[in-house]
file structure-v8.cif (mmCIF, C-alpha atoms)
data_target
loop_
_atom_site.group_PDB
_atom_site.id
_atom_site.type_symbol
_atom_site.label_atom_id
_atom_site.label_comp_id
_atom_site.auth_asym_id
_atom_site.auth_seq_id
_atom_site.Cartn_x
_atom_site.Cartn_y
_atom_site.Cartn_z
ATOM 1 C CA MET A 28 79.545 105.271 55.858
ATOM 2 C CA LYS A 29 80.792 101.714 56.440
ATOM 3 C CA ARG A 30 84.331 102.907 55.783
ATOM 4 C CA ILE A 31 84.006 105.677 58.383
ATOM 5 C CA SER A 32 82.637 103.203 60.921
ATOM 6 C CA LEU A 33 85.564 100.854 60.238
ATOM 7 C CA ILE A 34 88.061 103.672 60.775
ATOM 8 C CA ILE A 35 86.380 104.606 64.061
ATOM 9 C CA CYS A 36 86.432 100.991 65.235
ATOM 10 C CA LEU A 37 90.111 100.636 64.349
ATOM 11 C CA PHE A 38 90.874 103.883 66.162
ATOM 12 C CA LEU A 39 89.077 102.706 69.287
ATOM 13 C CA LEU A 40 90.815 99.326 69.107
ATOM 14 C CA PHE A 41 94.259 100.882 68.956
ATOM 15 C CA ALA A 42 93.335 103.373 71.690
ATOM 16 C CA CYS A 43 92.254 100.536 73.998
ATOM 17 C CA ARG A 44 95.395 98.567 73.228
ATOM 18 C CA GLU A 45 97.556 101.605 73.965
ATOM 19 C CA GLU A 46 95.721 102.118 77.247
ATOM 20 C CA LYS A 47 96.282 98.478 78.254
ATOM 21 C CA GLU A 48 99.981 98.693 77.438
ATOM 22 C CA LYS A 49 100.508 101.898 79.405
ATOM 23 C CA PRO A 50 103.410 101.228 81.813
ATOM 24 C CA LEU A 51 102.814 101.311 85.538
ATOM 25 C CA THR A 52 104.134 104.243 87.540
ATOM 26 C CA ALA A 53 106.319 103.883 90.603
ATOM 27 C CA GLN A 54 103.356 104.851 92.764
ATOM 28 C CA GLU A 55 101.103 102.218 91.188
ATOM 29 C CA ILE A 56 103.753 99.533 91.645
ATOM 30 C CA VAL A 57 104.257 100.405 95.311
ATOM 31 C CA ASP A 58 100.490 100.596 95.926
ATOM 32 C CA GLN A 59 100.064 97.085 94.520
ATOM 33 C CA SER A 60 103.046 95.789 96.486
ATOM 34 C CA ILE A 61 101.686 97.118 99.791
ATOM 35 C CA GLU A 62 98.204 95.790 99.079
ATOM 36 C CA ASN A 63 99.510 92.315 98.239
ATOM 37 C CA ALA A 64 101.685 92.214 101.362
ATOM 38 C CA GLY A 65 98.904 93.049 103.788
ATOM 39 C CA GLY A 66 97.424 96.439 102.955
ATOM 40 C CA GLU A 67 95.295 97.887 105.744
ATOM 41 C CA LEU A 68 96.168 95.002 108.058
ATOM 42 C CA TYR A 69 99.426 96.795 108.876
ATOM 43 C CA ASP A 70 97.485 99.709 110.345
ATOM 44 C CA ASN A 71 94.797 97.654 112.040
ATOM 45 C CA SER A 72 96.739 94.868 113.744
ATOM 46 C CA PHE A 73 98.708 94.264 116.892
ATOM 47 C CA ILE A 74 102.063 92.821 115.755
ATOM 48 C CA SER A 75 104.850 91.308 117.797
ATOM 49 C CA PHE A 76 107.981 89.343 116.859
ATOM 50 C CA HIS A 77 111.355 88.265 118.214
ATOM 51 C CA PHE A 78 114.609 89.524 116.708
ATOM 52 C CA ARG A 79 117.935 88.381 118.117
ATOM 53 C CA ASP A 80 117.634 88.783 121.908
ATOM 54 C CA LYS A 81 114.674 91.164 122.018
ATOM 55 C CA ASP A 82 110.921 91.251 121.434
ATOM 56 C CA TYR A 83 109.334 93.978 119.322
ATOM 57 C CA VAL A 84 105.735 95.150 119.501
ATOM 58 C CA LEU A 85 103.621 97.405 117.298
ATOM 59 C CA GLU A 86 100.387 98.556 118.924
ATOM 60 C CA LYS A 87 98.160 101.572 119.379
ATOM 61 C CA GLN A 88 97.609 103.592 122.506
ATOM 62 C CA ASP A 89 94.932 106.282 122.493
ATOM 63 C CA GLY A 90 94.647 105.843 118.739
ATOM 64 C CA ARG A 91 98.345 106.472 118.055
ATOM 65 C CA LYS A 92 101.007 104.028 116.904
ATOM 66 C CA VAL A 93 103.571 102.882 119.461
ATOM 67 C CA MET A 94 106.671 100.846 118.598
ATOM 68 C CA LYS A 95 108.304 98.929 121.435
ATOM 69 C CA ARG A 96 111.521 97.017 122.050
ATOM 70 C CA ILE A 97 111.527 94.677 125.044
ATOM 71 C CA LEU A 98 114.505 92.983 126.663
ATOM 72 C CA VAL A 99 113.913 90.427 129.411
ATOM 73 C CA THR A 100 116.876 89.523 131.646
ATOM 74 C CA ASP A 101 117.153 87.485 134.819
ATOM 75 C CA THR A 102 116.583 90.583 136.931
ATOM 76 C CA ALA A 103 114.681 93.072 134.804
ATOM 77 C CA VAL A 104 112.191 93.767 132.050
ATOM 78 C CA ILE A 105 113.398 96.733 129.982
ATOM 79 C CA VAL A 106 110.831 98.376 127.713
ATOM 80 C CA ASP A 107 111.838 101.087 125.242
ATOM 81 C CA ALA A 108 108.874 102.730 123.520
ATOM 82 C CA LEU A 109 108.770 105.128 120.573
ATOM 83 C CA ARG A 110 105.701 107.399 120.563
ATOM 84 C CA ARG A 111 105.297 110.434 118.283
ATOM 85 C CA GLY A 112 109.053 110.471 117.710
ATOM 86 C CA GLU A 113 109.839 110.461 121.445
ATOM 87 C CA VAL A 114 111.565 107.578 123.222
ATOM 88 C CA SER A 115 110.908 106.492 126.799
ATOM 89 C CA ARG A 116 112.430 103.679 128.857
ATOM 90 C CA GLU A 117 110.952 101.678 131.702
ATOM 91 C CA ILE A 118 112.830 99.152 133.826
ATOM 92 C CA ASN A 119 110.522 96.948 135.861
ATOM 93 C CA ASP A 120 107.705 99.484 135.275
ATOM 94 C CA SER A 121 109.795 102.406 136.577
ATOM 95 C CA VAL A 122 110.533 105.286 134.198
ATOM 96 C CA VAL A 123 114.234 105.930 133.585
ATOM 97 C CA ALA A 124 115.586 109.326 132.515
ATOM 98 C CA LEU A 125 117.482 109.347 129.218
ATOM 99 C CA THR A 126 119.855 111.903 127.724
ATOM 100 C CA ASP A 127 119.047 113.330 124.291
ATOM 101 C CA SER A 128 121.949 111.462 122.709
ATOM 102 C CA VAL A 129 120.779 108.128 124.126
ATOM 103 C CA LYS A 130 117.213 108.863 123.016
ATOM 104 C CA SER A 131 118.465 109.422 119.478
ATOM 105 C CA ILE A 132 120.318 106.090 119.450
ATOM 106 C CA TYR A 133 117.333 104.172 120.835
ATOM 107 C CA SER A 134 114.918 105.880 118.470
ATOM 108 C CA GLU A 135 116.954 104.914 115.409
ATOM 109 C CA ALA A 136 117.436 101.336 116.608
ATOM 110 C CA ILE A 137 113.738 100.771 117.348
ATOM 111 C CA ASN A 138 112.503 102.436 114.176
ATOM 112 C CA SER A 139 114.995 100.601 111.946
ATOM 113 C CA VAL A 140 113.984 97.103 113.075
ATOM 114 C CA HIS A 141 110.274 97.862 112.771
ATOM 115 C CA TYR A 142 110.751 99.589 109.390
ATOM 116 C CA PHE A 143 112.498 96.671 107.701
ATOM 117 C CA THR A 144 110.128 94.117 109.220
ATOM 118 C CA TYR A 145 107.000 95.726 107.766
ATOM 119 C CA LEU A 146 108.269 96.505 104.273
ATOM 120 C CA PRO A 147 106.816 97.430 101.811
ATOM 121 C CA HIS A 148 104.479 99.146 104.280
ATOM 122 C CA GLY A 149 105.925 102.597 104.930
ATOM 123 C CA LEU A 150 106.775 103.339 101.298
ATOM 124 C CA ASN A 151 103.690 105.547 101.067
ATOM 125 C CA ASP A 152 104.617 107.775 104.007
ATOM 126 C CA LYS A 153 104.397 111.501 103.227
ATOM 127 C CA ALA A 154 108.164 112.068 103.241
ATOM 128 C CA VAL A 155 108.863 109.244 100.757
ATOM 129 C CA ASN A 156 109.733 109.998 97.128
ATOM 130 C CA LYS A 157 109.527 107.144 94.616
ATOM 131 C CA GLU A 158 110.997 106.840 91.117
ATOM 132 C CA LEU A 159 110.897 103.957 88.631
ATOM 133 C CA ILE A 160 114.498 103.720 87.400
ATOM 134 C CA GLY A 161 114.351 100.604 85.234
ATOM 135 C CA ASP A 162 113.882 96.870 85.307
ATOM 136 C CA ILE A 163 116.037 93.746 85.368
ATOM 137 C CA LYS A 164 115.785 89.985 85.135
ATOM 138 C CA ILE A 165 117.120 88.028 88.116
ATOM 139 C CA GLY A 166 117.019 84.305 87.510
ATOM 140 C CA ASP A 167 113.797 83.646 85.639
ATOM 141 C CA LYS A 168 111.921 86.573 87.194
ATOM 142 C CA GLU A 169 111.405 90.143 85.972
ATOM 143 C CA TYR A 170 111.690 93.043 88.400
ATOM 144 C CA TYR A 171 110.825 96.728 88.579
ATOM 145 C CA LYS A 172 113.558 98.859 90.132
ATOM 146 C CA ILE A 173 112.164 101.574 92.401
ATOM 147 C CA LYS A 174 114.418 104.271 93.866
ATOM 148 C CA VAL A 175 113.294 105.772 97.180
ATOM 149 C CA THR A 176 114.524 109.002 98.763
ATOM 150 C CA PHE A 177 113.185 111.040 101.675
ATOM 151 C CA ASP A 178 112.279 114.649 102.344
ATOM 152 C CA GLN A 179 114.133 116.241 105.243
ATOM 153 C CA GLU A 180 110.859 117.210 106.882
ATOM 154 C CA GLY A 181 109.288 114.028 108.199
ATOM 155 C CA GLY A 182 112.080 111.851 106.827
ATOM 156 C CA GLY A 183 113.613 111.053 110.200
ATOM 157 C CA GLN A 184 117.223 111.232 111.293
ATOM 158 C CA ASP A 185 118.434 109.313 108.251
ATOM 159 C CA PHE A 186 116.532 111.269 105.602
ATOM 160 C CA GLU A 187 119.658 111.321 103.419
ATOM 161 C CA ASP A 188 119.633 107.533 103.034
ATOM 162 C CA ILE A 189 118.751 106.182 99.590
ATOM 163 C CA PHE A 190 116.976 102.895 98.881
ATOM 164 C CA VAL A 191 116.364 100.771 95.791
ATOM 165 C CA TYR A 192 113.666 98.081 95.758
ATOM 166 C CA TRP A 193 113.429 95.224 93.266
ATOM 167 C CA ILE A 194 109.709 94.419 93.012
ATOM 168 C CA ASN A 195 108.618 91.257 91.223
ATOM 169 C CA LYS A 196 106.565 92.147 88.142
ATOM 170 C CA GLU A 197 104.257 89.160 88.589
ATOM 171 C CA THR A 198 103.753 88.968 92.357
ATOM 172 C CA PHE A 199 104.612 92.598 93.247
ATOM 173 C CA GLU A 200 106.682 91.286 96.131
ATOM 174 C CA PRO A 201 109.897 93.185 97.021
ATOM 175 C CA ASP A 202 112.328 90.264 96.810
ATOM 176 C CA TYR A 203 115.452 92.438 97.014
ATOM 177 C CA LEU A 204 116.396 95.827 98.382
ATOM 178 C CA ALA A 205 119.527 97.907 98.736
ATOM 179 C CA TYR A 206 120.304 101.039 100.668
ATOM 180 C CA GLN A 207 123.049 103.594 101.052
ATOM 181 C CA TYR A 208 123.482 105.034 104.540
ATOM 182 C CA GLN A 209 125.497 107.941 105.922
ATOM 183 C CA VAL A 210 126.066 107.131 109.607
ATOM 184 C CA ASN A 211 129.309 105.607 110.923
ATOM 185 C CA GLY A 212 131.219 106.568 107.810
ATOM 186 C CA GLY A 213 128.514 105.440 105.403
ATOM 187 C CA GLY A 214 128.175 102.329 103.304
ATOM 188 C CA MET A 215 125.859 100.134 101.242
ATOM 189 C CA ARG A 216 123.877 96.983 101.879
ATOM 190 C CA PHE A 217 122.012 94.600 99.588
ATOM 191 C CA ARG A 218 119.314 92.346 101.045
ATOM 192 C CA GLU A 219 117.886 89.191 99.546
ATOM 193 C CA ALA A 220 114.515 88.152 100.981
ATOM 194 C CA TYR A 221 113.938 84.498 101.814
ATOM 195 C CA ASN A 222 111.594 82.359 103.915
ATOM 196 C CA PRO A 223 108.450 84.352 103.005
ATOM 197 C CA ARG A 224 105.417 83.486 105.132
ATOM 198 C CA ARG A 225 102.088 85.018 105.994
ATOM 199 C CA VAL A 226 100.875 85.512 109.529
ATOM 200 C CA GLY A 227 97.443 87.009 110.051
ATOM 201 C CA GLY A 228 97.331 87.975 106.373
ATOM 202 C CA ILE A 229 100.633 89.936 106.461
ATOM 203 C CA ARG A 230 103.748 88.846 104.564
ATOM 204 C CA PHE A 231 106.977 88.572 106.550
ATOM 205 C CA VAL A 232 110.439 87.626 105.275
ATOM 206 C CA ASP A 233 113.987 87.047 106.486
ATOM 207 C CA TYR A 234 117.028 88.487 104.710
ATOM 208 C CA ASN A 235 120.491 87.575 103.583
ATOM 209 C CA ASN A 236 122.360 90.799 104.237
ATOM 210 C CA TYR A 237 125.227 91.501 101.795
ATOM 211 C CA LYS A 238 127.816 94.233 101.411
ATOM 212 C CA PRO A 239 130.092 95.176 98.490
ATOM 213 C CA ASP A 240 133.835 94.783 98.681
ATOM 214 C CA SER A 241 135.359 97.570 100.786
ATOM 215 C CA THR A 242 137.748 98.438 97.947
ATOM 216 C CA SER A 243 134.959 99.084 95.430
ATOM 217 C CA SER A 244 132.612 102.032 95.075
ATOM 218 C CA PRO A 245 129.648 100.755 93.046
ATOM 219 C CA GLU A 246 126.491 102.682 92.302
ATOM 220 C CA LEU A 247 123.617 101.693 94.545
ATOM 221 C CA ARG A 248 121.355 100.887 91.617
ATOM 222 C CA LYS A 249 123.991 98.523 90.188
ATOM 223 C CA LEU A 250 124.375 96.302 93.238
ATOM 224 C CA ASP A 251 122.080 93.822 91.496
ATOM 225 C CA SER A 252 124.831 93.224 88.910
ATOM 226 C CA LEU A 253 127.338 92.460 91.665
ATOM 227 C CA TYR A 254 124.819 90.111 93.260
ATOM 228 C CA LEU A 255 124.252 88.259 89.989
ATOM 229 C CA ASN A 256 128.008 87.847 89.573
ATOM 230 C CA ASP A 257 128.595 86.651 93.160
ATOM 231 C CA GLN A 258 130.600 89.768 93.943
ATOM 232 C CA LEU A 259 128.873 90.630 97.232
ATOM 233 C CA GLU A 260 129.962 89.417 100.664
ATOM 234 C CA LEU A 261 127.370 87.832 102.960
ATOM 235 C CA LEU A 262 127.580 89.931 106.115
ATOM 236 C CA SER A 263 124.731 88.542 108.234
ATOM 237 C CA LYS A 264 121.293 86.990 108.289
ATOM 238 C CA ILE A 265 118.292 89.005 109.411
ATOM 239 C CA GLU A 266 115.814 86.536 110.879
ATOM 240 C CA ILE A 267 112.654 87.159 112.886
ATOM 241 C CA SER A 268 110.583 84.588 114.775
ATOM 242 C CA GLN A 269 107.633 84.150 117.131
ATOM 243 C CA ILE A 270 105.479 86.398 114.948
ATOM 244 C CA ILE A 271 102.019 87.269 116.262
ATOM 245 C CA VAL A 272 99.423 89.275 114.338
ATOM 246 C CA ASN A 273 96.155 89.939 116.096
ATOM 247 C CA PRO A 274 93.723 92.455 114.572
ATOM 248 C CA ASP A 275 91.283 91.960 117.430
ATOM 249 C CA ASN A 276 93.691 93.316 120.037
ATOM 250 C CA TYR A 277 94.511 96.563 118.230
ATOM 251 C CA ASN A 278 92.736 99.445 119.959
#
call {"tool": "encode", "arguments": {"input": "structure-v8.cif", "output": "structure tokens"}}
result
Amino acid sequence: MKRISLIICLFLLFACREEKEKPLTAQEIVDQSIENAGGELYDNSFISFHFRDKDYVLEKQDGRKVMKRILVTDTAVIVDALRRGEVSREINDSVVALTDSVKSIYSEAINSVHYFTYLPHGLNDKAVNKELIGDIKIGDKEYYKIKVTFDQEGGGQDFEDIFVYWINKETFEPDYLAYQYQVNGGGMRFREAYNPRRVGGIRFVDYNNYKPDSTSSPELRKLDSLYLNDQLELLSKIEISQIIVNPDNYN
């Protein structure tokens, strides 16, 4: 009887150990990353920030999300707003008619800036597909590599774009990302996050924006190797400022 009890105990011990060592899925990694970066605060906060020569605002109107881009000049205040996939423009509070082609350009520009600013928020949208494709050590830190693709339905104009995120195994912060885009002849970018800070409980970062040599055709998932070997060219810096997060003003 004692022998049977010992066998049962050993079985349960190994079963528990196996359960503890079960690897995380891509979904679990992304869930933890979003939660650590701000979680529900993204959906329940008024957010504004300055990027280059424009201000950007995320707010709700009648319970629906509105993304804005605001340019103030000496003679005008130009407000472009993206609501339910539709773009509108106001100049000094007067509505301006836009052609479909111009609407498409504005929509992509507004959505792109907001999208990158709020990462990893957005990686759980319905059209997003996530896959754990490996891990790597960068410096003294271990990272999960998550590949992200998009369904055509709900995936926006650039649904064919492919992303890879390097998420820190300890902090679950996405310290690096890369993407392959199709517009304007296509290309690849690799971004290194720096200057992390929290405003109103939400994590924001700036980026060093790199590109591979124009003569090479690397795989997107292998851009980390080029980065580690100093084989990427610094193209630009993506820096935001004047960040405001105010949950109380979100209605």
call {"tool": "closest_atom_pairs", "arguments": {"input": "structure-v8.cif", "of": "segment 216-278 of chain A", "to": "segment 60-65 of chain A", "cutoff": "9 Å", "atoms": "only C-alpha atoms", "output": "CSV"}}
result
residue,atom,partner,partner_atom,distance
A:Arg225,CA,A:Ala64,CA,8.6
A:Gly227,CA,A:Gly65,CA,8.8
A:Gly228,CA,A:Gly65,CA,5.9
A:Ile229,CA,A:Gly65,CA,4.5
A:Arg230,CA,A:Ala64,CA,5.1
A:Phe231,CA,A:Ala64,CA,8.3
call {"tool": "resolve_selection", "arguments": {"input": "structure-v8.cif", "expression": "the PyMOL selection byres ((chain A and resi 185) around 9)", "output": "ChimeraX atom specification"}}
result
/A:135,177,179,182-184,186-188,208-210
call {"tool": "atom_distance", "arguments": {"input": "structure-v8.cif", "atom1": "atom CA of Phe190 of chain A", "atom2": "atom CA of Ser115 of chain A"}}
result
28.8 Å
call {"tool": "resolve_selection", "arguments": {"input": "structure-v8.cif", "expression": "the PyMOL selection byres ((chain A and resi 192) around 7)", "output": "PyMOL selection string"}}
result
chain A and resi 172-174+190-191+193-194+201+203-205
call {"tool": "closest_residue", "arguments": {"input": "structure-v8.cif", "among": "A:Leu146, A:Val272, A:Leu259, A:Val129", "to": "Ala220 of chain A", "atoms": "all atoms listed in the file"}}
result
A:Leu146
call {"tool": "closest_residue", "arguments": {"input": "structure-v8.cif", "among": "A:Asn195, A:Asn235, A:Gln258, A:Ser72", "to": "Ile165 of chain A", "atoms": "only C-alpha atoms"}}
result
A:Asn195
call {"tool": "resolve_selection", "arguments": {"input": "structure-v8.cif", "expression": "the PyMOL selection byres ((chain A and resi 239) around 8)", "output": "ChimeraX atom specification"}}
result
/A:215-216,237-238,240-241,243,245,250,253,258-260
call {"tool": "residues_around", "arguments": {"input": "structure-v8.cif", "residues": "Lys196 of chain A", "least_positions_apart": "4", "cutoff": "9 Å", "atoms": "all atoms listed in the file", "output": "JSON, numbers by chain"}}
result
{"A": [56, 168, 169, 170, 171, 200]}
call {"tool": "atom_distance", "arguments": {"input": "structure-v8.cif", "atom1": "atom CA of Asp178 of chain A", "atom2": "atom CA of Gly213 of chain A"}}
result
18.9 Å
call {"tool": "residues_around", "arguments": {"input": "structure-v8.cif", "residues": "Ile189 of chain A", "least_positions_apart": "3", "cutoff": "7 Å", "atoms": "only C-alpha atoms", "output": "MDAnalysis selection string"}}
result
chainID A and resid 175:176 206:208
call {"tool": "residues_near_point", "arguments": {"input": "structure-v8.cif", "point": "(111.8, 104.2, 134.3)", "cutoff": "12 Å", "atoms": "only C-alpha atoms", "output": "number ranges by chain"}}
result
A: 103-108, 114-125
call {"tool": "decode", "arguments": {"input": "structure-v8.cif", "residues": "segment 54-81 of chain A", "atoms": "N, CA and C atoms", "output": "compact mmCIF listing (two decimals), in the first residue's frame"}}
result
# COMPACT_ATOMS: atom_id res chain seq x y z
N GLN A 54 -0.21 33.57 -27.89
CA GLN A 54 -1.32 34.35 -27.34
C GLN A 54 -1.06 34.72 -25.89
N GLU A 55 -0.55 33.80 -25.10
CA GLU A 55 -0.28 34.07 -23.69
C GLU A 55 0.83 35.12 -23.54
N ILE A 56 1.82 35.06 -24.40
CA ILE A 56 2.91 36.03 -24.35
C ILE A 56 2.40 37.42 -24.68
N VAL A 57 1.59 37.53 -25.73
CA VAL A 57 1.04 38.82 -26.13
C VAL A 57 0.09 39.36 -25.06
N ASP A 58 -0.74 38.49 -24.49
CA ASP A 58 -1.66 38.92 -23.42
C ASP A 58 -0.88 39.54 -22.27
N GLN A 59 0.20 38.88 -21.86
CA GLN A 59 1.01 39.38 -20.75
C GLN A 59 1.70 40.70 -21.12
N SER A 60 2.16 40.79 -22.36
CA SER A 60 2.83 42.00 -22.83
C SER A 60 1.88 43.20 -22.81
N ILE A 61 0.66 43.00 -23.30
CA ILE A 61 -0.33 44.08 -23.31
C ILE A 61 -0.70 44.49 -21.89
N GLU A 62 -0.90 43.52 -21.03
CA GLU A 62 -1.27 43.80 -19.65
C GLU A 62 -0.17 44.61 -18.95
N ASN A 63 1.07 44.20 -19.13
CA ASN A 63 2.18 44.90 -18.49
C ASN A 63 2.37 46.32 -19.02
N ALA A 64 2.01 46.54 -20.28
CA ALA A 64 2.21 47.85 -20.89
C ALA A 64 1.11 48.85 -20.56
N GLY A 65 -0.01 48.36 -20.09
CA GLY A 65 -1.10 49.29 -19.77
C GLY A 65 -2.47 48.65 -19.71
N GLY A 66 -2.62 47.51 -20.40
CA GLY A 66 -3.87 46.77 -20.34
C GLY A 66 -5.09 47.59 -20.72
N GLU A 67 -6.09 47.60 -19.87
CA GLU A 67 -7.35 48.28 -20.16
C GLU A 67 -7.22 49.79 -20.22
N LEU A 68 -6.11 50.33 -19.72
CA LEU A 68 -5.93 51.78 -19.76
C LEU A 68 -5.93 52.31 -21.19
N TYR A 69 -5.46 51.48 -22.14
CA TYR A 69 -5.48 51.90 -23.54
C TYR A 69 -6.90 52.22 -24.02
N ASP A 70 -7.85 51.43 -23.56
CA ASP A 70 -9.23 51.57 -24.02
C ASP A 70 -10.05 52.51 -23.17
N ASN A 71 -9.49 52.98 -22.07
CA ASN A 71 -10.26 53.80 -21.15
C ASN A 71 -9.58 55.12 -20.83
N SER A 72 -8.73 55.59 -21.74
CA SER A 72 -7.98 56.82 -21.50
C SER A 72 -8.00 57.73 -22.72
N PHE A 73 -8.04 59.01 -22.45
CA PHE A 73 -7.76 60.03 -23.46
C PHE A 73 -6.24 60.10 -23.56
N ILE A 74 -5.71 60.02 -24.79
CA ILE A 74 -4.26 60.06 -25.00
C ILE A 74 -3.94 61.10 -26.06
N SER A 75 -2.95 61.90 -25.79
CA SER A 75 -2.45 62.82 -26.81
C SER A 75 -0.93 62.87 -26.74
N PHE A 76 -0.29 63.17 -27.87
CA PHE A 76 1.17 63.26 -27.93
C PHE A 76 1.56 64.07 -29.15
N HIS A 77 2.81 64.50 -29.18
CA HIS A 77 3.35 65.27 -30.29
C HIS A 77 4.36 64.42 -31.04
N PHE A 78 4.23 64.39 -32.37
CA PHE A 78 5.17 63.65 -33.20
C PHE A 78 5.54 64.51 -34.40
N ARG A 79 6.83 64.84 -34.47
CA ARG A 79 7.34 65.73 -35.50
C ARG A 79 6.57 67.06 -35.44
N ASP A 80 5.85 67.46 -36.47
CA ASP A 80 5.23 68.79 -36.41
C ASP A 80 3.74 68.74 -36.12
N LYS A 81 3.25 67.59 -35.66
CA LYS A 81 1.80 67.45 -35.47
C LYS A 81 1.47 66.89 -34.08
